[in-house]
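Participant: I am attaching a structure below and will ask some questions about it afterwards.
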Amino acid sequence: MAIRRLSVALALLCGLAAGIAASSAEDRAIVLATTTSTQESGLLDHLLPIFHDKTGTDVRVIAQRADEVLDGVRKGEADVVLIHARPQEEKFVADGFAVKRLDVMYNDYVLIGPKSDAAGVKGKDIATALKAIEAKGAPFVTRGDRSGTHAAELALWIVAGIDIAAAKGAWYREAKEGMSAALEAARGTNAYVLSDRGSWIALRDRGDLDIIVEGDKRLLNQYGVMLVNPEKFPNVKKELGQTFVDWLVSPDGQAAIAGYRVDGQQLFFPNADKSGG
């Protein structure tokens, strides 16, 4: 009987210890809300283990399109936000949902298209290219999902002087999924598509696609990081979240971002030192 009681006591103690360990691990974890490009490019798989090794903090990722990210955070679903939709980010801060916005890194958008280049736009500026694609009705795949990339694409049609809502026809096809799905759709139909460079580099099977337009300053793709406002959401892990924000913009975090490469190519370029906040 004494042995049984001892066994029960030990089991209870083990259960208690496991519960304490699980609680401790939970306490050392934050939730990062981010866009699919940081996840699909492999960047987070590179960064988060480095951050964990330095701080012991786990980062749990919710990767969605930009509007879904911000909608979720407005419900208190995350501690930190990392996205690339600057107008929405600045409004998010102005509305009191985040403490401050900081530049973290950038890459750029590129216009991808078939090597045959049916619209004849290779090497042109982005506005000229979009005008030619629309005029010729060349196949074009849009994210069509209210993501940061979709918002950037819509803004570029405006720059080109085209009301895409009125001009679109069968040539303008909506993927309504992630960047990978849009690239796959373009590959399968020999269509043009706007992509962030990181997702393009990470795409393994490119088929007949290639970069058609790049280098236009209007194709800059800036990423920002924000700590969710703990005064609005008391459940926000302020200290741990701020530690992650601080690390991303620190020399160590910036070096880690610069160090991420795919096939020898750098996907993201740190620029926190140039942040306007």
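Residues in the structure tokens are named by chain (A, B, ... in the order shown) and by number from 1 within that chain; ligands are numbered from 1 in the order shown.
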Which residues of stretch 44-145 of chain A come within 9 Å of stretch 193-207 of chain A, and what is each one's closest atom pair and distance in Å (one decimal), counting only C-alpha atoms, sorted by chain and residue number, as a Markdown table?

Facilitator:
```
| residue | atom | partner | partner_atom | distance |
| --- | --- | --- | --- | --- |
| A:Asn107 | CA | A:Arg197 | CA | 6.6 |
| A:Asp108 | CA | A:Arg197 | CA | 5.7 |
| A:Tyr109 | CA | A:Asp196 | CA | 4.2 |
| A:Val110 | CA | A:Ser195 | CA | 5.5 |
| A:Leu111 | CA | A:Leu194 | CA | 4.7 |
| A:Ile112 | CA | A:Val193 | CA | 5.2 |
| A:Gly113 | CA | A:Val193 | CA | 6.4 |
| A:Pro114 | CA | A:Gly207 | CA | 8.7 |
| A:Pro139 | CA | A:Val193 | CA | 8.8 |
| A:Phe140 | CA | A:Val193 | CA | 5.7 |
| A:Val141 | CA | A:Val193 | CA | 5.1 |
| A:Thr142 | CA | A:Val193 | CA | 6.3 |
| A:Arg143 | CA | A:Val193 | CA | 8.4 |
```

Participant: Could you pull out the residues in stretch 104-144 of chain A that DSSP calls strand (DSSP E or B) from the backbone, as number ranges by chain?

Facilitator: A: 104-114, 140-142

Participant: Selected residues, all heavy atoms, written as a compact mmCIF listing (two decimals), in the first residue's frame, please.

Facilitator:
```txt
# COMPACT_ATOMS: atom_id res chain seq x y z
N VAL A 104 11.98 47.65 -41.10
CA VAL A 104 12.81 46.50 -40.76
C VAL A 104 13.70 46.11 -41.93
O VAL A 104 14.91 45.94 -41.79
CB VAL A 104 11.94 45.28 -40.38
CG1 VAL A 104 12.82 44.06 -40.11
CG2 VAL A 104 11.11 45.58 -39.16
N MET A 105 13.09 45.98 -43.10
CA MET A 105 13.81 45.46 -44.26
C MET A 105 12.98 45.77 -45.51
O MET A 105 11.83 46.21 -45.41
CB MET A 105 13.99 43.94 -44.13
CG MET A 105 12.67 43.20 -44.07
SD MET A 105 12.85 41.45 -43.66
CE MET A 105 11.13 40.91 -43.76
N TYR A 106 13.59 45.54 -46.64
CA TYR A 106 12.86 45.70 -47.89
C TYR A 106 13.36 44.67 -48.89
O TYR A 106 14.45 44.10 -48.76
CB TYR A 106 13.04 47.12 -48.47
CG TYR A 106 14.44 47.39 -48.98
CD1 TYR A 106 14.76 47.18 -50.32
CD2 TYR A 106 15.45 47.85 -48.13
CE1 TYR A 106 16.05 47.41 -50.80
CE2 TYR A 106 16.73 48.08 -48.59
CZ TYR A 106 17.03 47.87 -49.93
OH TYR A 106 18.31 48.08 -50.38
N ASN A 107 12.54 44.39 -49.83
CA ASN A 107 13.01 43.82 -51.10
C ASN A 107 12.27 44.59 -52.17
O ASN A 107 11.92 45.75 -51.96
CB ASN A 107 12.87 42.29 -51.17
CG ASN A 107 11.45 41.80 -51.01
OD1 ASN A 107 10.47 42.56 -51.07
ND2 ASN A 107 11.30 40.50 -50.83
N ASP A 108 12.01 44.00 -53.29
CA ASP A 108 11.26 44.74 -54.30
C ASP A 108 10.30 43.80 -55.02
O ASP A 108 10.40 42.59 -54.93
CB ASP A 108 12.20 45.43 -55.30
CG ASP A 108 13.09 44.45 -56.05
OD1 ASP A 108 13.20 43.28 -55.64
OD2 ASP A 108 13.68 44.84 -57.08
N TYR A 109 9.36 44.42 -55.68
CA TYR A 109 8.47 43.67 -56.53
C TYR A 109 9.11 43.54 -57.91
O TYR A 109 9.90 44.39 -58.34
CB TYR A 109 7.12 44.39 -56.68
CG TYR A 109 6.31 44.41 -55.40
CD1 TYR A 109 6.12 45.60 -54.70
CD2 TYR A 109 5.74 43.25 -54.90
CE1 TYR A 109 5.38 45.63 -53.54
CE2 TYR A 109 4.99 43.26 -53.73
CZ TYR A 109 4.82 44.46 -53.05
OH TYR A 109 4.09 44.48 -51.89
N VAL A 110 8.77 42.46 -58.57
CA VAL A 110 9.23 42.26 -59.95
C VAL A 110 8.03 41.82 -60.77
O VAL A 110 7.13 41.13 -60.27
CB VAL A 110 10.35 41.20 -60.03
CG1 VAL A 110 11.65 41.74 -59.48
CG2 VAL A 110 9.96 39.92 -59.29
N LEU A 111 8.00 42.23 -62.02
CA LEU A 111 6.97 41.75 -62.93
C LEU A 111 7.50 40.50 -63.60
O LEU A 111 8.51 40.53 -64.31
CB LEU A 111 6.61 42.81 -63.98
CG LEU A 111 5.48 42.39 -64.93
CD1 LEU A 111 4.15 42.27 -64.18
CD2 LEU A 111 5.35 43.37 -66.09
N ILE A 112 6.83 39.40 -63.33
CA ILE A 112 7.20 38.12 -63.91
C ILE A 112 6.35 37.89 -65.16
O ILE A 112 5.18 38.29 -65.21
CB ILE A 112 6.94 36.98 -62.89
CG1 ILE A 112 7.69 37.26 -61.57
CG2 ILE A 112 7.33 35.63 -63.46
CD1 ILE A 112 9.19 37.37 -61.72
N GLY A 113 6.91 37.22 -66.13
CA GLY A 113 6.14 36.92 -67.33
C GLY A 113 6.81 35.83 -68.14
O GLY A 113 7.93 35.40 -67.84
N PRO A 114 6.15 35.36 -69.19
CA PRO A 114 6.74 34.33 -70.04
C PRO A 114 7.95 34.87 -70.79
O PRO A 114 8.00 36.03 -71.16
CB PRO A 114 5.60 33.97 -71.01
CG PRO A 114 4.73 35.19 -71.02
CD PRO A 114 4.81 35.77 -69.65
N PHE A 140 -2.76 37.95 -67.47
CA PHE A 140 -2.18 38.51 -66.26
C PHE A 140 -2.88 37.86 -65.07
O PHE A 140 -4.11 37.80 -65.01
CB PHE A 140 -2.38 40.04 -66.21
CG PHE A 140 -1.68 40.71 -65.06
CD1 PHE A 140 -0.45 41.31 -65.24
CD2 PHE A 140 -2.26 40.74 -63.79
CE1 PHE A 140 0.20 41.94 -64.17
CE2 PHE A 140 -1.62 41.36 -62.73
CZ PHE A 140 -0.38 41.97 -62.92
N VAL A 141 -2.08 37.38 -64.11
CA VAL A 141 -2.63 36.79 -62.89
C VAL A 141 -2.47 37.78 -61.75
O VAL A 141 -1.38 38.28 -61.50
CB VAL A 141 -1.92 35.47 -62.53
CG1 VAL A 141 -2.38 34.98 -61.16
CG2 VAL A 141 -2.20 34.41 -63.58
N THR A 142 -3.57 38.09 -61.09
CA THR A 142 -3.55 38.95 -59.91
C THR A 142 -3.77 38.12 -58.66
O THR A 142 -4.48 37.11 -58.70
CB THR A 142 -4.64 40.04 -60.00
OG1 THR A 142 -4.66 40.78 -58.76
CG2 THR A 142 -6.02 39.43 -60.20
```

Participant: Find, counting only C-alpha atoms, the residue in A:Ile30, A:Phe268, A:Arg261, A:Trp157 that gets nearest to A:Leu227.

Facilitator: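 Of A:Ile30, A:Phe268, A:Arg261, A:Trp157, the one nearest A:Leu227 is A:Ile30, counting only C-alpha atoms.
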
Participant: Find the residues near A:Leu130: any atom within 10 Å, counting only C-alpha atoms, skip ones fewer than 3 places away on the same chain, and give them as a ChimeraX atom specification.

Facilitator: /A:111,119,121,124-127,133-136,138,140,153,156-162,192

Participant: Would you mind exporting N, CA and C atoms of the selected residues as a compact mmCIF listing (two decimals), in the first residue's frame?

Facilitator:
```txt
# COMPACT_ATOMS: atom_id res chain seq x y z
N LEU A 111 8.00 42.23 -62.02
CA LEU A 111 6.97 41.75 -62.93
C LEU A 111 7.50 40.50 -63.60
N ALA A 119 3.63 40.64 -74.62
CA ALA A 119 3.31 42.06 -74.60
C ALA A 119 4.49 42.94 -75.00
N VAL A 121 7.31 43.81 -73.28
CA VAL A 121 7.57 44.84 -72.26
C VAL A 121 8.87 44.62 -71.49
N LYS A 124 11.13 47.45 -69.80
CA LYS A 124 10.42 48.72 -69.73
C LYS A 124 10.21 49.11 -68.26
N ASP A 125 9.74 50.33 -68.03
CA ASP A 125 9.33 50.70 -66.68
C ASP A 125 7.97 50.07 -66.41
N ILE A 126 7.58 49.99 -65.14
CA ILE A 126 6.39 49.23 -64.77
C ILE A 126 5.11 49.84 -65.35
N ALA A 127 5.00 51.16 -65.41
CA ALA A 127 3.79 51.78 -65.95
C ALA A 127 3.63 51.46 -67.43
N ILE A 133 0.38 45.52 -71.47
CA ILE A 133 -0.32 44.27 -71.13
C ILE A 133 -1.82 44.45 -71.26
N GLU A 134 -2.33 45.57 -70.72
CA GLU A 134 -3.76 45.84 -70.80
C GLU A 134 -4.20 46.06 -72.24
N ALA A 135 -3.42 46.80 -73.01
CA ALA A 135 -3.78 47.11 -74.41
C ALA A 135 -3.84 45.86 -75.26
N LYS A 136 -2.94 44.91 -75.00
CA LYS A 136 -2.89 43.69 -75.81
C LYS A 136 -3.73 42.56 -75.21
N ALA A 138 -2.92 40.71 -72.78
CA ALA A 138 -2.03 39.59 -72.47
C ALA A 138 -2.43 38.98 -71.12
N PHE A 140 -2.76 37.95 -67.47
CA PHE A 140 -2.18 38.51 -66.26
C PHE A 140 -2.88 37.86 -65.07
N GLU A 153 -0.12 46.03 -56.41
CA GLU A 153 -0.46 45.88 -57.82
C GLU A 153 -1.54 46.86 -58.23
N LEU A 156 -0.21 50.22 -58.71
CA LEU A 156 0.59 50.36 -59.93
C LEU A 156 -0.30 50.52 -61.16
N TRP A 157 -1.46 49.88 -61.18
CA TRP A 157 -2.39 50.11 -62.30
C TRP A 157 -2.82 51.58 -62.33
N ILE A 158 -3.03 52.16 -61.15
CA ILE A 158 -3.39 53.58 -61.07
C ILE A 158 -2.25 54.44 -61.61
N VAL A 159 -1.01 54.09 -61.23
CA VAL A 159 0.16 54.81 -61.75
C VAL A 159 0.20 54.74 -63.27
N ALA A 160 -0.22 53.60 -63.81
CA ALA A 160 -0.22 53.43 -65.27
C ALA A 160 -1.41 54.12 -65.93
N GLY A 161 -2.28 54.72 -65.14
CA GLY A 161 -3.43 55.43 -65.69
C GLY A 161 -4.55 54.51 -66.13
N ILE A 162 -4.63 53.33 -65.53
CA ILE A 162 -5.63 52.34 -65.93
C ILE A 162 -6.58 52.05 -64.77
N TYR A 192 1.55 37.01 -67.08
CA TYR A 192 2.31 37.96 -66.28
C TYR A 192 1.75 37.97 -64.86
```

Participant: Can I get the residues of stretch 86-165 of chain A within 12 Å of stretch 235-244 of chain A, each with the closest pair of atoms and their distance in Å to one decimal, using only C-alpha atoms, sorted chain first then ascending number, as CSV?

Facilitator:
```
residue,atom,partner,partner_atom,distance
A:Phe97,CA,A:Val236,CA,11.3
A:Ala98,CA,A:Val236,CA,10.8
A:Val99,CA,A:Gln242,CA,10.1
A:Lys100,CA,A:Gln242,CA,10.8
A:Arg101,CA,A:Gln242,CA,12.0
A:Leu102,CA,A:Gln242,CA,11.9
A:Val104,CA,A:Phe244,CA,11.9
```

Participant: Considering only helix (DSSP H, G or I) as DSSP defines it on the backbone, what residues of stretch 8-176 of chain A qualify? List them as a ChimeraX atom specification.

Facilitator: /A:8-27,36-40,43-55,66-73,86-94,126-136,148-159,164-167

Participant: Between A:Ala152, A:Val93, A:Ala256, A:Ala85, which is the closest to A:Arg218 once you count only C-alpha atoms?

Facilitator: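 Closest to A:Arg218 of all the choices is A:Ala152.
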
Participant: Figure out the distance between atom CA of A:His46 and atom CA of A:Gly264, please, to one decimal in Å.

Facilitator: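 Between these atoms lies a distance of 14.4 Å.
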
Participant: Mind giving me the straight-line distance from atom CA of A:Pro270 to atom CA of A:Gly224 in Å, one decimal?

Facilitator: 10.8 Å
